[in-house]
$ cat coords-v8.cif   # mmCIF, C-alpha atoms
data_final
#
loop_
_atom_site.label_atom_id
_atom_site.label_comp_id
_atom_site.auth_asym_id
_atom_site.auth_seq_id
_atom_site.Cartn_x
_atom_site.Cartn_y
_atom_site.Cartn_z
CA MET S 1 183.00 26.31 253.07
CA ASN S 2 186.57 25.94 254.36
CA ARG S 3 186.71 22.35 253.05
CA ARG S 4 185.57 23.62 249.66
CA ILE S 5 188.35 26.20 249.59
CA ALA S 6 190.93 23.66 250.77
CA ALA S 7 189.95 21.30 247.99
CA THR S 8 190.42 24.00 245.35
CA GLY S 9 193.77 23.76 243.57
CA ARG S 10 193.89 27.48 242.81
CA TRP S 11 192.29 30.38 244.72
CA GLY S 12 192.64 33.55 242.70
CA ALA S 13 190.40 36.46 241.77
CA LYS S 14 188.40 34.38 239.29
CA GLU S 15 187.67 31.66 241.87
CA ILE S 16 186.79 34.21 244.56
CA LEU S 17 184.25 35.95 242.31
CA ALA S 18 182.73 32.64 241.28
CA ARG S 19 182.38 31.62 244.94
CA ALA S 20 180.75 34.98 245.73
CA ASP S 21 178.16 34.45 243.01
CA GLU S 22 177.43 30.95 244.31
CA LEU S 23 176.93 32.17 247.88
CA ALA S 24 174.69 35.00 246.69
CA GLU S 25 172.47 32.53 244.83
CA ARG S 26 172.26 30.31 247.92
CA ALA S 27 171.28 33.31 250.10
CA ILE S 28 168.57 34.33 247.66
CA ALA S 29 167.20 30.80 247.62
CA LEU S 30 167.15 30.53 251.41
CA TRP S 31 165.62 33.97 252.18
CA PRO S 32 161.87 34.00 251.73
CA ALA S 33 161.77 37.82 251.16
CA PRO S 34 159.78 40.24 253.37
CA LEU S 35 156.61 38.77 254.78
CA GLN S 36 153.41 40.53 253.81
CA GLY S 37 152.10 42.75 256.60
CA VAL S 38 155.38 42.69 258.54
CA GLY S 39 157.43 45.89 258.38
CA ARG S 40 160.33 47.50 260.15
CA ALA S 41 159.76 48.78 263.66
CA GLU S 42 160.12 52.35 262.41
CA ARG S 43 157.12 51.96 260.13
CA SER S 44 154.88 51.23 263.08
CA ARG S 45 156.41 53.95 265.29
CA ASP S 46 154.07 56.53 266.75
CA TRP S 47 155.40 59.73 265.18
CA ASN S 48 153.04 62.05 267.06
CA LEU S 49 155.82 63.13 269.40
CA ALA S 50 157.93 64.22 266.44
CA HIS S 51 155.01 66.19 265.02
CA GLN S 52 154.37 67.87 268.38
CA VAL S 53 157.94 68.99 268.95
CA LEU S 54 158.31 70.27 265.38
CA ALA S 55 155.11 72.28 265.74
CA ALA S 56 156.55 73.77 268.95
CA LEU S 57 159.80 75.01 267.35
CA PRO S 58 160.22 78.65 268.38
CA HIS S 59 160.68 81.35 265.74
CA GLY S 60 164.27 81.59 264.61
CA THR S 61 165.31 78.01 265.39
CA TRP S 62 166.04 74.84 263.48
CA THR S 63 167.03 71.29 264.33
CA SER S 64 168.75 68.42 262.56
CA TYR S 65 167.68 64.93 261.59
CA GLY S 66 170.16 63.57 264.11
CA ASP S 67 168.92 65.79 266.94
CA LEU S 68 165.29 64.89 266.27
CA ALA S 69 166.22 61.21 266.03
CA ALA S 70 168.10 61.33 269.35
CA PHE S 71 165.09 62.99 270.98
CA LEU S 72 162.78 60.28 269.64
CA GLY S 73 165.12 57.34 270.20
CA SER S 74 165.13 56.66 266.48
CA GLY S 75 167.61 57.00 263.61
CA ALA S 76 168.33 60.00 261.38
CA GLN S 77 167.50 58.06 258.20
CA ALA S 78 164.18 56.88 259.60
CA VAL S 79 163.30 60.46 260.57
CA GLY S 80 164.21 61.68 257.11
CA ASN S 81 162.13 58.98 255.43
CA HIS S 82 159.12 59.78 257.60
CA LEU S 83 159.26 63.52 256.95
CA ALA S 84 159.76 62.98 253.22
CA ASN S 85 156.70 60.75 252.97
CA THR S 86 154.26 62.35 255.40
CA PRO S 87 152.24 65.34 254.18
CA GLY S 88 151.21 68.08 256.56
CA VAL S 89 154.01 67.86 259.15
CA VAL S 90 154.39 71.40 260.51
CA ASN S 91 157.93 72.81 260.21
CA ALA S 92 159.31 69.70 258.51
CA TYR S 93 161.43 72.00 256.32
CA ARG S 94 163.18 73.31 259.44
CA VAL S 95 164.86 69.93 259.95
CA LEU S 96 168.27 70.18 258.28
CA ASN S 97 171.32 68.00 258.00
CA ALA S 98 174.12 68.10 260.57
CA ASP S 99 175.90 70.86 258.65
CA GLY S 100 172.85 73.11 258.79
CA LYS S 101 172.00 72.71 255.14
CA VAL S 102 168.84 71.55 253.38
CA SER S 103 169.03 67.87 252.53
CA ASP S 104 169.54 67.10 248.85
CA LYS S 105 166.63 64.67 249.15
CA PHE S 106 164.21 67.22 250.64
CA ARG S 107 160.95 67.75 248.80
CA TRP S 108 157.69 69.43 249.68
CA THR S 109 155.03 66.86 250.55
CA SER S 110 152.02 69.08 249.99
CA GLN S 111 150.81 70.89 246.88
CA ASP S 112 150.11 73.90 249.09
CA GLU S 113 153.82 74.32 249.84
CA SER S 114 156.49 75.28 247.36
CA GLY S 115 159.42 77.59 246.81
CA GLU S 116 163.02 77.73 247.94
CA VAL S 117 163.48 76.26 251.40
CA GLN S 118 166.21 78.70 252.40
CA SER S 119 163.93 81.65 251.67
CA ARG S 120 161.29 80.17 253.96
CA LEU S 121 163.88 79.65 256.68
CA ILE S 122 165.11 83.23 256.40
CA ALA S 123 161.50 84.40 256.72
CA ASP S 124 161.34 82.31 259.90
CA GLY S 125 164.23 84.29 261.37
CA ILE S 126 167.01 81.80 260.67
CA HIS S 127 170.35 83.28 259.64
CA PHE S 128 172.80 81.73 257.22
CA THR S 129 176.58 81.81 257.01
CA ALA S 130 178.54 82.70 253.89
CA SER S 131 178.80 78.98 253.10
CA GLY S 132 175.00 78.64 253.07
CA ALA S 133 174.70 76.84 256.40
CA ALA S 134 172.10 77.75 259.02
CA ASP S 135 173.47 79.56 262.07
CA PRO S 136 174.59 76.84 264.53
CA ALA S 137 173.64 79.11 267.46
CA GLN S 138 170.00 78.75 266.37
CA ARG S 139 170.11 74.96 266.32
CA LEU S 140 168.05 73.08 268.91
CA THR S 141 169.70 69.96 270.26
CA SER S 142 167.87 66.87 271.46
CA ASP S 143 167.98 68.31 274.99
CA ASP S 144 166.45 71.57 273.78
CA LEU S 145 163.68 69.65 272.03
CA ALA S 146 162.93 67.77 275.23
CA LEU S 147 162.60 71.06 277.11
CA LEU S 148 160.03 72.29 274.60
CA LEU S 149 157.54 69.63 275.62
CA SER S 150 158.46 68.89 279.23
CA GLY S 151 157.69 70.85 282.38
CA THR S 152 160.41 71.91 284.79
CA GLU S 153 158.50 72.15 288.08
CA GLY S 154 160.19 69.13 289.65
CA ARG S 155 163.64 70.31 288.69
CA GLU S 156 162.97 73.82 289.93
CA GLU S 157 161.75 72.63 293.33
CA GLU S 158 164.81 70.42 293.75
CA GLU S 159 167.08 73.29 292.73
CA GLU S 160 165.53 75.75 295.14
CA THR S 161 165.47 73.32 298.05
CA GLY S 162 169.03 72.22 297.43
CA GLY S 163 170.21 75.79 297.02
CA GLY S 164 168.58 76.94 300.27
CA GLU S 165 170.14 74.13 302.28
CA ALA S 166 173.55 75.02 300.91
CA VAL S 167 173.28 78.60 302.12
CA ARG S 168 171.50 78.25 305.44
CA HIS S 169 172.88 74.85 306.44
CA PRO S 170 176.26 74.20 304.78
CA THR S 171 175.83 70.47 304.29
CA GLU S 172 179.05 68.50 304.39
CA ASN S 173 179.76 65.23 302.63
CA ARG S 174 181.72 62.39 304.18
CA GLY S 175 184.97 64.20 303.50
CA GLY S 176 183.83 67.32 305.33
CA GLU S 177 183.46 69.36 302.09
CA THR S 178 180.54 71.75 301.73
CA ARG S 179 178.67 72.16 298.47
CA ALA S 180 180.19 75.61 298.03
CA GLU S 181 183.68 74.19 298.50
CA ARG S 182 182.95 71.38 296.05
CA PHE S 183 181.74 73.90 293.45
CA ALA S 184 184.93 75.93 293.87
CA ARG S 185 187.09 72.81 293.58
CA GLN S 186 185.32 71.55 290.46
CA LEU S 187 185.42 75.00 288.85
CA ALA S 188 189.17 75.31 289.49
CA ALA S 189 189.73 71.85 288.00
CA ASN S 190 188.02 72.76 284.72
CA ASP S 191 188.77 76.44 284.13
CA THR S 192 191.72 78.80 284.10
CA PRO S 193 192.66 80.71 287.25
CA GLU S 194 191.48 83.88 285.48
CA THR S 195 188.01 82.42 284.94
CA VAL S 196 187.81 81.20 288.52
CA THR S 197 188.71 84.68 289.79
CA ALA S 198 186.13 86.26 287.47
CA VAL S 199 183.37 83.91 288.68
CA ARG S 200 184.20 84.61 292.31
CA SER S 201 183.99 88.33 291.57
CA VAL S 202 180.54 87.98 289.98
CA LEU S 203 179.26 85.88 292.90
CA ALA S 204 180.54 88.49 295.37
CA ARG S 205 178.85 91.29 293.41
CA TRP S 206 175.62 89.31 293.38
CA GLU S 207 175.69 89.08 297.17
CA GLU S 208 176.43 92.81 297.38
CA LEU S 209 173.25 93.38 295.35
CA GLY S 210 171.27 91.53 298.00
CA GLY S 211 171.14 88.14 296.34
CA TRP S 212 172.49 84.88 297.70
CA VAL S 213 174.24 81.89 296.21
CA GLY S 214 172.76 78.42 296.52
CA HIS S 215 174.59 75.28 295.48
CA GLY S 216 172.99 72.27 293.84
CA SER S 217 172.96 68.87 295.45
CA GLY S 218 174.20 66.92 292.42
CA ARG S 219 176.27 63.94 293.52
CA VAL S 220 178.74 64.21 290.66
CA THR S 221 178.74 67.85 289.56
CA THR S 222 177.49 70.69 291.70
CA SER S 223 176.32 74.14 290.60
CA ALA S 224 175.80 77.69 291.82
CA PHE S 225 172.40 79.41 291.63
CA LEU S 226 172.22 83.21 291.73
CA MET S 227 169.15 83.41 293.97
CA LEU S 228 166.70 86.09 295.05
CA GLY S 229 163.92 85.52 297.57
CA GLU S 230 163.55 83.55 300.76
CA GLN S 231 166.35 81.15 301.47
CA GLY S 232 165.39 77.52 301.84
CA ASN S 233 161.74 78.01 300.92
CA PRO S 234 160.78 76.28 297.64
CA GLY S 235 158.51 78.32 295.38
CA TYR S 236 159.57 81.70 296.75
CA GLY S 237 162.90 82.15 294.99
CA VAL S 238 163.89 83.22 291.52
CA TRP S 239 167.26 83.02 289.78
CA PRO S 240 168.49 84.46 286.48
CA MET S 241 171.16 81.87 285.81
CA THR S 242 172.97 78.81 287.10
CA LEU S 243 176.73 78.35 286.91
CA TYR S 244 178.16 74.89 286.20
CA PRO S 245 181.74 73.58 286.26
CA GLY S 246 182.68 72.26 282.87
CA GLY S 247 183.52 68.60 283.41
CA GLY S 248 186.77 69.06 281.50
CA ARG S 249 185.39 71.45 278.87
CA GLY S 250 185.16 74.73 280.75
CA GLY S 251 182.31 76.01 282.88
CA THR S 252 179.05 77.45 281.59
CA ALA S 253 176.35 79.85 282.70
CA GLU S 254 172.86 78.53 281.98
CA VAL S 255 170.32 81.31 281.47
CA VAL S 256 167.00 79.96 282.76
CA PHE S 257 164.50 81.71 280.49
CA GLN S 258 162.15 78.74 280.75
CA HIS S 259 162.06 78.99 284.54
CA LEU S 260 161.56 82.76 284.40
CA ALA S 261 158.53 82.39 282.14
CA SER S 262 156.57 81.22 285.20
CA ARG S 263 157.99 83.75 287.67
CA GLU S 264 156.71 87.30 288.04
CA PRO S 265 157.51 89.77 286.64
CA PHE S 266 159.34 87.79 283.97
CA THR S 267 156.16 86.17 282.75
CA ASP S 268 156.20 89.31 280.59
CA ARG S 269 158.06 88.15 277.51
CA ALA S 270 159.28 91.69 276.85
CA LEU S 271 161.29 91.58 280.08
CA ARG S 272 162.87 88.26 279.14
CA ALA S 273 163.69 89.70 275.72
CA GLU S 274 165.35 92.69 277.38
CA PHE S 275 167.35 90.30 279.57
CA LEU S 276 168.45 88.45 276.43
CA LYS S 277 169.43 91.72 274.73
CA ARG S 278 171.55 92.78 277.69
CA LEU S 279 173.36 89.44 277.85
CA ASN S 280 174.10 89.55 274.14
CA GLU S 281 175.99 92.80 274.67
CA LEU S 282 178.77 90.72 276.21
CA GLU S 283 181.45 89.93 273.66
CA GLY S 284 181.36 86.22 272.94
CA VAL S 285 177.70 85.81 273.90
CA ASP S 286 175.19 85.40 271.07
CA ILE S 287 171.98 83.77 272.25
CA PRO S 288 169.32 83.67 269.51
CA GLU S 289 165.83 84.95 270.28
CA GLY S 290 164.48 81.53 269.38
CA LYS S 291 165.93 80.19 272.64
CA LEU S 292 163.96 82.64 274.76
CA GLU S 293 161.75 79.79 275.98
CA LEU S 294 164.66 77.44 276.75
CA ARG S 295 167.79 77.34 278.91
CA PRO S 296 170.70 78.39 276.69
CA SER S 297 174.27 78.70 277.96
CA PHE S 298 177.44 80.68 277.43
CA ARG S 299 181.01 80.00 278.51
CA LEU S 300 182.18 81.33 281.86
CA ALA S 301 185.49 82.17 280.18
CA VAL S 302 183.91 85.30 278.63
CA LEU S 303 183.85 86.77 282.15
CA GLU S 304 187.64 87.04 282.16
CA ASP S 305 187.16 90.25 280.18
CA ASP S 306 186.70 93.18 282.58
CA HIS S 307 184.14 94.92 280.38
CA ASN S 308 182.10 91.74 279.96
CA ARG S 309 182.13 91.18 283.69
CA GLU S 310 180.95 94.72 284.36
CA LEU S 311 178.17 94.41 281.78
CA LEU S 312 176.98 91.19 283.41
CA CYS S 313 176.95 92.76 286.86
CA GLU S 314 174.94 95.69 285.51
CA THR S 315 172.51 93.22 283.95
CA LEU S 316 172.17 91.35 287.23
CA ALA S 317 171.46 94.66 289.02
CA TRP S 318 168.76 95.37 286.45
CA PHE S 319 167.33 91.88 286.99
CA ARG S 320 167.16 92.39 290.76
CA GLN S 321 165.49 95.78 290.32
CA CYS S 322 162.84 94.24 288.06
CA TRP S 323 162.16 91.57 290.65
CA GLU S 324 162.01 94.06 293.52
CA ASN S 325 159.47 96.17 291.59
CA ARG S 326 157.34 93.17 290.56
CA GLU S 327 154.34 94.25 292.65
CA ALA S 328 154.20 97.53 290.77
CA VAL S 329 154.25 95.91 287.34
#

$ encode --input "coords-v8.cif" --output "structure tokens"
Amino acid sequence: MNRRIAATGRWGAKEILARADELAERAIALWPAPLQGVGRAERSRDWNLAHQVLAALPHGTWTSYGDLAAFLGSGAQAVGNHLANTPGVVNAYRVLNADGKVSDKFRWTSQDESGEVQSRLIADGIHFTASGAADPAQRLTSDDLALLLSGTEGREEEEETGGGEAVRHPTENRGGETRAERFARQLAANDTPETVTAVRSVLARWEELGGWVGHGSGRVTTSAFLMLGEQGNPGYGVWPMTLYPGGGRGGTAEVVFQHLASREPFTDRALRAEFLKRLNELEGVDIPEGKLELRPSFRLAVLEDDHNRELLCETLAWFRQCWENREAV
């Protein structure tokens, strides 16, 4: 090709377009076209996992093509093509684009379904902004989707064991730093001094209520579990939330509704809903009811506000009282 260009006396727009046409004709002649019976890998993908997780979407939640694709290890376009051409997929209309809007290419795949998609979504408890986008707080990420179908027993046992060791036997690393000290250091590195002070205050109040603080054994990032129950004995403890340093983005409090669903007395969904309601009274916290079966988070920075901090401590006291009275429930 280079010799052909070098031998050309003039190389302008006309010659470039002519060369492009020639190369296109050569490519068409060389390519034998798709072989019969051989399709893209996505066409032979087992989509059952996608169908299962969509059927498990809690009321008041939605997800995006990208989130579903990341969960499946696929691509957003492939997911969209599958949903658009597969009748009977439950909750397919609750898969929206990244902006929280219905795809322009969406169409109902069954004659039994019709009507405006947004109206159906509103009936499913999904809220919309003034711009017509679904509430981002109600969006389920790929991690949320994974939690819908996966158990958490292994993680819970590791958390409880690690937490108990941190309290009863302050394990040191090679530098002589305990898990509690590492948590404090990582928190201070990622949050403001005001947030760090607020978190320390909440942890102290939790211990005053009769709880204890366990620290996770993560090698990179540690955590703080607000624990009730027997220290160091897996299966006996319960915790309402786990605090995490932010890794450069600010720390978070993970509310472990999914864990609580298997712990008395919080197997009663009404109690978990009351817990959610109390947390949402904090300014800056808005956890949708659709995440009542998951592990949503809020920023630790909201605890800088004195009123927020007091509301949280009151909620934690309520949580402890519920747990203490579990035998009577």

$ closest_residue --input "coords-v8.cif" --among "S:Phe106, S:Phe298, S:Tyr93, S:Trp239" --to "Arg320 (chain S)" --atoms "only C-alpha atoms"
S:Trp239

$ resolve_selection --input "coords-v8.cif" --expression "the PyMOL selection byres ((chain S and resi 296) around 6)" --output "PyMOL selection string"
chain S and resi 254-255+295+297

$ resolve_selection --input "coords-v8.cif" --expression "the PyMOL selection byres ((chain S and resi 242) around 8)" --output "ChimeraX atom specification"
/S:223-226,239-241,243-244,253-256

$ residues_around --input "coords-v8.cif" --residues "region 49-63 of chain S" --least-positions-apart "2" --cutoff "8 Å" --atoms "all atoms listed in the file" --output "number ranges by chain"
S: 46-47, 65, 67-68, 72, 89-92, 94-96, 124-126, 138-141, 145, 148-149, 288-291, 293

$ resolve_selection --input "coords-v8.cif" --expression "the PyMOL selection byres ((chain S and resi 220) around 12)" --output "PyMOL selection string"
chain S and resi 179+182-183+186+216-219+221-223+244-247

$ residues_around --input "coords-v8.cif" --residues "Glu314 (chain S)" --least-positions-apart "4" --cutoff "12 Å" --atoms "all atoms listed in the file" --output "list in words"
Val202, Arg205, Trp206, Leu209, Phe275, Arg278, Leu279, Glu281, Leu282, His307, Asn308, Arg309, Glu310, Trp318, Phe319, Arg320 and Gln321 of chain S

$ atom_distance --input "coords-v8.cif" --atom1 "CA of Arg326 (chain S)" --atom2 "CA of Thr267 (chain S)"
10.6 Å

$ closest_residue --input "coords-v8.cif" --among "S:Leu203, S:Leu83, S:Val102, S:Val213" --to "Arg120 (chain S)" --atoms "all atoms listed in the file"
S:Val102

$ closest_residue --input "coords-v8.cif" --among "S:Ala204, S:Leu311, S:Leu316, S:Leu294" --to "Gln258 (chain S)" --atoms "all atoms listed in the file"
S:Leu294

$ residues_around --input "coords-v8.cif" --residues "Cys322 (chain S)" --least-positions-apart "4" --cutoff "10 Å" --atoms "all atoms listed in the file" --output "list in words"
Glu264, Pro265, Phe266, Leu271, Leu316, Ala317, Trp318, Arg326, Glu327, Ala328 and Val329 of chain S

$ atom_distance --input "coords-v8.cif" --atom1 "CA of Ala273 (chain S)" --atom2 "CA of Phe257 (chain S)"
9.3 Å

$ atom_distance --input "coords-v8.cif" --atom1 "CA of Arg299 (chain S)" --atom2 "CA of His215 (chain S)"
18.7 Å

$ axis_aligned_box --input "coords-v8.cif" --around "region 116-132 of chain S" --padding-each-side "6 Å" --output "lines of an AutoDock Vina configuration file"
center_x = 170.0
center_y = 80.3
center_z = 254.7
size_x = 29.5
size_y = 20.1
size_z = 25.4

$ closest_residue --input "coords-v8.cif" --among "S:Arg200, S:Ala123, S:Gly80, S:Thr192" --to "Asp104 (chain S)" --atoms "only C-alpha atoms"
S:Gly80

$ closest_residue --input "coords-v8.cif" --among "S:Ser142, S:Trp323, S:Gln111, S:Cys313" --to "Gly237 (chain S)" --atoms "only C-alpha atoms"
S:Trp323

$ closest_residue --input "coords-v8.cif" --among "S:Ala180, S:Val117, S:Ala146, S:Ala189" --to "Ala134 (chain S)" --atoms "only C-alpha atoms"
S:Val117
